[in-house]
Every structure is written in structure tokens, then in C-alpha cells.
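Visitor: Sending over input-v3.cif (mmCIF, C-alpha atoms).
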```cif
data_protein
loop_
_atom_site.label_atom_id
_atom_site.label_comp_id
_atom_site.auth_asym_id
_atom_site.auth_seq_id
_atom_site.Cartn_x
_atom_site.Cartn_y
_atom_site.Cartn_z
CA MET A 1 -4.38 -1.66 -0.39
CA ALA A 2 -3.63 1.63 1.31
CA PHE A 3 -1.49 4.49 0.06
CA THR A 4 -0.87 8.12 0.76
CA MET A 5 -0.99 9.94 -2.57
CA SER A 6 -0.04 13.45 -3.56
CA LEU A 7 -2.68 15.66 -5.12
CA ASP A 8 -0.98 15.17 -8.49
CA GLY A 9 -1.24 11.37 -8.19
CA PHE A 10 2.17 10.16 -6.94
CA ILE A 11 2.73 7.67 -4.09
CA ALA A 12 6.50 8.27 -4.11
CA GLY A 13 8.64 11.13 -5.34
CA PRO A 14 11.26 10.87 -8.08
CA ASN A 15 14.55 8.99 -7.68
CA VAL A 16 13.53 6.27 -5.22
CA SER A 17 16.67 4.81 -3.63
CA LYS A 18 17.94 3.46 -0.31
CA ALA A 19 18.75 7.06 0.65
CA TYR A 20 15.24 8.19 -0.40
CA PRO A 21 12.92 5.17 0.00
CA LEU A 22 9.87 7.34 -0.80
CA GLY A 23 11.74 9.30 -3.48
CA GLU A 24 12.90 12.87 -3.23
CA GLY A 25 10.24 14.80 -1.31
CA GLY A 26 8.14 11.68 -0.79
CA GLN A 27 8.73 11.63 2.97
CA HIS A 28 6.31 14.58 3.19
CA LEU A 29 3.46 12.32 2.05
CA HIS A 30 3.24 10.72 5.50
CA GLU A 31 3.46 13.84 7.64
CA TRP A 32 -0.25 13.42 8.42
CA LEU A 33 0.68 10.44 10.60
CA PHE A 34 2.69 12.66 12.93
CA LYS A 35 0.97 16.07 12.87
CA GLY A 36 -2.41 15.31 14.43
CA SER A 37 -3.14 14.53 18.04
CA ALA A 38 -4.44 11.17 19.23
CA GLU A 39 -7.99 12.54 19.11
CA GLU A 40 -7.92 13.82 15.52
CA PRO A 41 -9.33 11.79 12.63
CA ASP A 42 -5.87 11.14 11.20
CA ALA A 43 -4.70 9.20 14.25
CA ALA A 44 -7.95 7.22 14.32
CA MET A 45 -7.72 6.39 10.61
CA GLY A 46 -4.07 5.36 10.97
CA ARG A 47 -4.89 3.05 13.88
CA GLU A 48 -7.81 1.56 11.96
CA MET A 49 -5.63 0.71 8.95
CA PHE A 50 -2.89 -0.88 11.07
CA ASP A 51 -5.34 -2.75 13.31
CA ARG A 52 -7.13 -4.28 10.31
CA GLY A 53 -3.92 -5.71 8.82
CA GLY A 54 -3.17 -9.40 9.31
CA ALA A 55 -0.50 -9.97 6.63
CA THR A 56 1.37 -7.95 4.00
CA VAL A 57 2.32 -8.60 0.38
CA LEU A 58 5.11 -6.44 -0.98
CA GLY A 59 7.53 -6.36 -3.87
CA LYS A 60 11.25 -7.02 -3.83
CA ARG A 61 12.04 -3.34 -4.43
CA THR A 62 9.93 -2.23 -1.46
CA TYR A 63 11.60 -4.91 0.65
CA GLU A 64 15.13 -3.91 -0.37
CA VAL A 65 14.71 -0.13 -0.44
CA GLY A 66 12.11 0.70 2.17
CA LEU A 67 12.04 -1.98 4.82
CA PRO A 68 15.56 -1.56 6.19
CA HIS A 69 14.16 1.62 7.75
CA TRP A 70 11.63 -0.53 9.69
CA ASN A 71 14.23 -2.84 11.28
CA ASP A 72 14.14 -1.12 14.66
CA THR A 73 10.39 -0.51 14.56
CA PRO A 74 7.84 -3.26 15.23
CA TYR A 75 6.52 -4.24 11.81
CA PRO A 76 2.81 -5.00 12.04
CA THR A 77 2.36 -8.27 10.16
CA PRO A 78 3.93 -11.41 8.65
CA SER A 79 5.00 -10.49 5.14
CA PHE A 80 5.22 -12.12 1.72
CA VAL A 81 7.73 -10.67 -0.75
CA LEU A 82 6.86 -11.15 -4.43
CA THR A 83 10.07 -11.84 -6.37
CA HIS A 84 11.30 -13.72 -9.44
CA GLU A 85 14.08 -15.47 -7.53
CA GLY A 86 13.90 -18.23 -4.95
CA ARG A 87 15.03 -17.28 -1.45
CA GLU A 88 14.73 -18.75 2.00
CA PRO A 89 12.43 -17.06 4.54
CA GLN A 90 14.16 -14.31 6.47
CA ALA A 91 13.54 -12.84 9.90
CA MET A 92 14.43 -9.27 10.76
CA LYS A 93 14.27 -7.94 14.30
CA SER A 94 10.73 -6.80 13.77
CA ALA A 95 9.11 -9.19 11.27
CA SER A 96 9.29 -12.37 9.24
CA PHE A 97 9.40 -12.45 5.43
CA VAL A 98 8.53 -15.30 3.07
CA PHE A 99 9.71 -14.93 -0.53
CA VAL A 100 7.15 -15.97 -3.15
CA ASN A 101 8.26 -16.53 -6.74
CA ASP A 102 5.15 -18.08 -8.29
CA GLY A 103 3.00 -14.99 -8.85
CA ILE A 104 0.72 -12.49 -7.19
CA GLU A 105 -2.15 -14.97 -6.78
CA SER A 106 0.06 -17.29 -4.74
CA ALA A 107 1.41 -14.45 -2.59
CA VAL A 108 -2.08 -13.14 -1.83
CA THR A 109 -3.41 -16.66 -1.13
CA GLN A 110 -0.59 -17.35 1.35
CA ALA A 111 -1.10 -13.96 2.99
CA ARG A 112 -4.87 -14.54 3.31
CA GLU A 113 -4.26 -17.87 5.06
CA VAL A 114 -2.04 -16.16 7.64
CA ALA A 115 -4.25 -13.06 8.00
CA GLY A 116 -7.33 -15.06 8.99
CA ASP A 117 -10.24 -12.64 9.35
CA LYS A 118 -7.98 -9.58 9.02
CA ASP A 119 -6.99 -7.71 5.86
CA VAL A 120 -4.05 -8.36 3.56
CA ILE A 121 -2.08 -5.15 3.10
CA LEU A 122 -0.44 -4.49 -0.28
CA MET A 123 2.75 -2.43 -0.37
CA GLY A 124 4.35 -1.02 -3.50
CA ALA A 125 2.93 0.19 -6.78
CA SER A 126 3.92 -2.85 -8.84
CA VAL A 127 2.43 -5.41 -6.44
CA SER A 128 -0.75 -3.37 -6.08
CA LYS A 129 -1.18 -3.00 -9.86
CA GLN A 130 -0.66 -6.75 -10.32
CA ALA A 131 -3.28 -7.47 -7.66
CA LEU A 132 -5.75 -5.01 -9.21
CA LYS A 133 -5.25 -6.53 -12.67
CA ALA A 134 -5.80 -10.03 -11.23
CA GLY A 135 -9.03 -8.97 -9.49
CA LEU A 136 -7.60 -9.60 -6.00
CA VAL A 137 -8.31 -6.18 -4.44
CA ASP A 138 -11.54 -5.58 -2.50
CA GLU A 139 -10.82 -2.10 -1.10
CA ILE A 140 -8.54 0.84 -1.76
CA PHE A 141 -7.68 3.34 0.95
CA ILE A 142 -6.20 6.59 -0.32
CA GLN A 143 -4.91 9.28 1.97
CA LEU A 144 -4.92 12.27 -0.36
CA SER A 145 -2.17 14.66 0.74
CA PRO A 146 -2.28 18.38 -0.13
CA LEU A 147 1.19 18.03 -1.64
CA LEU A 148 2.43 18.31 -5.23
CA LEU A 149 5.45 16.12 -6.01
CA GLY A 150 5.68 16.86 -9.74
CA GLY A 151 7.01 13.39 -10.55
CA GLY A 152 7.70 9.96 -9.18
CA THR A 153 5.71 6.74 -8.94
CA ARG A 154 2.04 6.66 -9.90
CA LEU A 155 -0.26 3.98 -8.52
CA PHE A 156 -2.85 3.77 -11.27
CA ASP A 157 -0.77 3.72 -14.47
CA ASP A 158 -1.10 0.85 -16.95
CA LEU A 159 -4.46 -0.49 -15.74
CA ASP A 160 -7.48 -1.62 -17.74
CA VAL A 161 -9.70 1.14 -16.40
CA HIS A 162 -12.70 -0.26 -18.26
CA ARG A 163 -12.63 -3.36 -16.04
CA ILE A 164 -12.28 -1.68 -12.63
CA ARG A 165 -15.07 0.24 -10.95
CA LEU A 166 -14.58 2.13 -7.68
CA ASP A 167 -17.39 3.06 -5.31
CA CYS A 168 -16.56 5.59 -2.59
CA THR A 169 -17.70 4.16 0.75
CA ARG A 170 -16.09 6.67 3.11
CA ALA A 171 -14.48 10.13 3.09
CA VAL A 172 -12.93 11.75 6.17
CA ALA A 173 -11.12 15.09 5.95
CA SER A 174 -8.61 16.75 8.26
CA PRO A 175 -6.36 19.77 7.80
CA TYR A 176 -3.51 17.41 6.80
CA VAL A 177 -5.04 14.76 4.53
CA THR A 178 -8.32 13.47 3.12
CA HIS A 179 -8.98 9.78 3.81
CA LEU A 180 -10.88 8.04 1.02
CA ARG A 181 -12.08 4.44 1.03
CA TYR A 182 -13.29 2.73 -2.14
CA SER A 183 -14.76 -0.70 -2.71
CA VAL A 184 -13.48 -2.31 -5.91
CA THR A 185 -15.78 -3.98 -8.38
CA ASN A 186 -14.04 -5.82 -11.20
CA ARG A 187 -16.40 -5.72 -14.11
CA ARG A 188 -16.58 -4.19 -17.54
CA LEU A 189 -18.30 -0.83 -17.54
CA THR A 190 -20.96 -0.31 -20.19
CA ALA A 191 -22.03 2.91 -21.84
CA ALA A 192 -25.41 4.23 -20.76
#
```
Could you quickly redo this structure as C-alpha cells?

Guide:
Amino acid sequence: MAFTMSLDGFIAGPNVSKAYPLGEGGQHLHEWLFKGSAEEPDAAMGREMFDRGGATVLGKRTYEVGLPHWNDTPYPTPSFVLTHEGREPQAMKSASFVFVNDGIESAVTQAREVAGDKDVILMGASVSKQALKAGLVDEIFIQLSPLLLGGGTRLFDDLDVHRIRLDCTRAVASPYVTHLRYSVTNRRLTAA
């Protein structure tokens, strides 16, 4: 899973809607993608994340609120939308979407089959939390933005923090964002 996060821990600003798919002020989270030149670490890290992706799992809210903005942009991977309702697969101009209504494990399994030796990308806080709780996440990429949103959607709320261990495997800084990569170990931590 990969997210840009504000310094105060939000991956979207308050009042997420079709008008503000990243919440009010949330569009500033991704400015790092557009500020640096092709030679700067931000461009290289962005390319690496997109190049590694082979399939995407996202939630219904992300699909309905955020993805209409992608319709004219090539979307990078086949996608699986986690929902509680049955729907037929749908193709937009830029991607194909399969709707999965039998849980996060099924969505991730289907995405892994399509992704082959590439990564499965998780989009949306709810889907990512479900995958973390189910032990389905191997790595977390955080792009820590020097931005304070003051409210919105947090990624790491409502998790059993005693069962998830993170080991930092990479840190790359630029003037616009700090890229952090963590491997995820799902085990109970013990007191020393």
C-alpha cells in the first residue's frame, strides 16, 4: 500500500466528496508529484511505485468519488473494487474494474493472480485497514508531506497495533516530501 500522508497523519482532508475527492485541502498532499524535475528523487520514487503495480484493490467510495477524475488519464492497472453489492465488471476509458463482494481476502487473491510478479496496490483507507488487519500487507510506502491538514481521514486508526510491526527499509528525502518504505511483520509484540 502506498499513501501520501500529512505530517499530522491524514491521507485526505475533511469533507471528502465528488467535488473534493481528497477532501478540502487534500489535493496539496500530492504536489510532490508535480514539483520536482525528472531527475529529482520524487520523480524516481513516483515512477518506481507505478512501475511496480500490477493490479489495484480499492473500495467503493474511492471508486465512486475519486476515480471519475482518472477517466481521461491512463489508469495503471486492472482494478478490483471491494463492495457489499453485486455488480457486473465495468470498463472506463482508461481501465477495467471487477466488483468483489466476498471480502478483502478474495479481492486481494484475485488481484494477485492478475498482477503476476508485480505488486498489488491498495487504494483507500478502509480497504488498506482491512488488508492490514487480515495480514495481507507486505509493505507500506508513505510519502510524508510537510503539510498540516488538521482533520480528515487517518490511515492507521482502529488497528490492533500490538499485532503489527513495521521495519523501515528505506528513507529518501526531498524538499517536497520524505519517502518512507516499511516492511510489515504481523506478529504479537512482546515486552522486553

Visitor: Name every residue that the PyMOL selection byres ((chain A and resi 135) around 12) selects in this structure, writing the answer as a PDB file with C-alpha atoms, in the coordinates of the input with chains first and numbers rising.

Guide:
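The result, stored in out_20.pdb:
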```
ATOM      1  CA  ILE A 104       0.720 -12.490  -7.190  1.00  0.00           C
ATOM      2  CA  GLU A 105      -2.150 -14.970  -6.780  1.00  0.00           C
ATOM      3  CA  VAL A 108      -2.080 -13.140  -1.830  1.00  0.00           C
ATOM      4  CA  SER A 128      -0.750  -3.370  -6.080  1.00  0.00           C
ATOM      5  CA  LYS A 129      -1.180  -3.000  -9.860  1.00  0.00           C
ATOM      6  CA  GLN A 130      -0.660  -6.750 -10.320  1.00  0.00           C
ATOM      7  CA  ALA A 131      -3.280  -7.470  -7.660  1.00  0.00           C
ATOM      8  CA  LEU A 132      -5.750  -5.010  -9.210  1.00  0.00           C
ATOM      9  CA  LYS A 133      -5.250  -6.530 -12.670  1.00  0.00           C
ATOM     10  CA  ALA A 134      -5.800 -10.030 -11.230  1.00  0.00           C
ATOM     11  CA  LEU A 136      -7.600  -9.600  -6.000  1.00  0.00           C
ATOM     12  CA  VAL A 137      -8.310  -6.180  -4.440  1.00  0.00           C
ATOM     13  CA  ASP A 138     -11.540  -5.580  -2.500  1.00  0.00           C
ATOM     14  CA  GLU A 139     -10.820  -2.100  -1.100  1.00  0.00           C
ATOM     15  CA  LEU A 159      -4.460  -0.490 -15.740  1.00  0.00           C
ATOM     16  CA  ASP A 160      -7.480  -1.620 -17.740  1.00  0.00           C
ATOM     17  CA  ARG A 163     -12.630  -3.360 -16.040  1.00  0.00           C
ATOM     18  CA  ILE A 164     -12.280  -1.680 -12.630  1.00  0.00           C
ATOM     19  CA  ARG A 165     -15.070   0.240 -10.950  1.00  0.00           C
ATOM     20  CA  VAL A 184     -13.480  -2.310  -5.910  1.00  0.00           C
ATOM     21  CA  THR A 185     -15.780  -3.980  -8.380  1.00  0.00           C
ATOM     22  CA  ASN A 186     -14.040  -5.820 -11.200  1.00  0.00           C
ATOM     23  CA  ARG A 187     -16.400  -5.720 -14.110  1.00  0.00           C
TER      24      ARG A 187
END
```

Visitor: Around (1.6, -8.7, 0.9), as given in the file, which residues come within 12 Å? Count all atoms listed in the file and list them as a VMD selection string.

Guide: chain A and resid 1 to 2 53 to 60 62 to 63 76 to 83 96 to 100 103 to 115 119 to 128 130 to 131 136 to 137

Visitor: When you look at segment 17-27 of chain A with a cut-off of 12 Å (counting only C-alpha atoms), what residues show up, excluding the ones that are within fewer than 3 positions of it in the same chain? I need them as a ChimeraX atom specification.

Guide: /A:3-6,9-14,30-34,61-70,124-125,145,147-154

Visitor: Which residues match the PyMOL selection byres ((chain A and resi 166-172) around 12) in the file above, as a compact mmCIF listing (two decimals) with C-alpha atoms, keeping the file's coordinate frame?

Guide:
```
# COMPACT_ATOMS: atom_id res chain seq x y z
CA GLU A 40 -7.92 13.82 15.52
CA PRO A 41 -9.33 11.79 12.63
CA ASP A 42 -5.87 11.14 11.20
CA ALA A 43 -4.70 9.20 14.25
CA ALA A 44 -7.95 7.22 14.32
CA MET A 45 -7.72 6.39 10.61
CA GLY A 46 -4.07 5.36 10.97
CA LEU A 132 -5.75 -5.01 -9.21
CA VAL A 137 -8.31 -6.18 -4.44
CA ASP A 138 -11.54 -5.58 -2.50
CA GLU A 139 -10.82 -2.10 -1.10
CA ILE A 140 -8.54 0.84 -1.76
CA PHE A 141 -7.68 3.34 0.95
CA ILE A 142 -6.20 6.59 -0.32
CA GLN A 143 -4.91 9.28 1.97
CA LEU A 144 -4.92 12.27 -0.36
CA VAL A 161 -9.70 1.14 -16.40
CA HIS A 162 -12.70 -0.26 -18.26
CA ARG A 163 -12.63 -3.36 -16.04
CA ILE A 164 -12.28 -1.68 -12.63
CA ARG A 165 -15.07 0.24 -10.95
CA ALA A 173 -11.12 15.09 5.95
CA SER A 174 -8.61 16.75 8.26
CA PRO A 175 -6.36 19.77 7.80
CA TYR A 176 -3.51 17.41 6.80
CA VAL A 177 -5.04 14.76 4.53
CA THR A 178 -8.32 13.47 3.12
CA HIS A 179 -8.98 9.78 3.81
CA LEU A 180 -10.88 8.04 1.02
CA ARG A 181 -12.08 4.44 1.03
CA TYR A 182 -13.29 2.73 -2.14
CA SER A 183 -14.76 -0.70 -2.71
CA VAL A 184 -13.48 -2.31 -5.91
CA THR A 185 -15.78 -3.98 -8.38
CA ASN A 186 -14.04 -5.82 -11.20
CA ARG A 187 -16.40 -5.72 -14.11
CA ARG A 188 -16.58 -4.19 -17.54
CA LEU A 189 -18.30 -0.83 -17.54
```

Visitor: In Å, rounded to a single decimal, give me how far atom CA of His84 of chain A is from atom CA of Asp158 of chain A.

Guide: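 So the two atoms, atom CA of Asp158 of chain A and atom CA of His84 of chain A, lie 20.6 Å apart.
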
Visitor: Quote the spacing between atom CA of Glu85 of chain A and atom CA of Asn101 of chain A in Å to one decimal place.

Guide: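 Answer for the atom CA of Glu85 of chain A to atom CA of Asn101 of chain A separation: 6.0 Å.
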
Visitor: Work out how far apart atom CA of Lys35 of chain A and atom CA of Lys118 of chain A are and give it in Å to one decimal.

Guide: 27.4 Å

Visitor: Which one is closest to Leu7 of chain A: A:Asp157, A:Asp117, A:Leu29, A:Glu48? Count all atoms listed in the file.

Guide: A:Leu29

Visitor: Specify the axis-aligned box that encloses all atoms of segment 126-139 of chain A listed in the file after padding of 4 Å on each side, stating its centre and edge lengths in Å to one decimal as lines of an AutoDock Vina configuration file.

Guide:
```
center_x = -3.8
center_y = -6.1
center_z = -6.9
size_x = 23.5
size_y = 15.9
size_z = 19.6
```
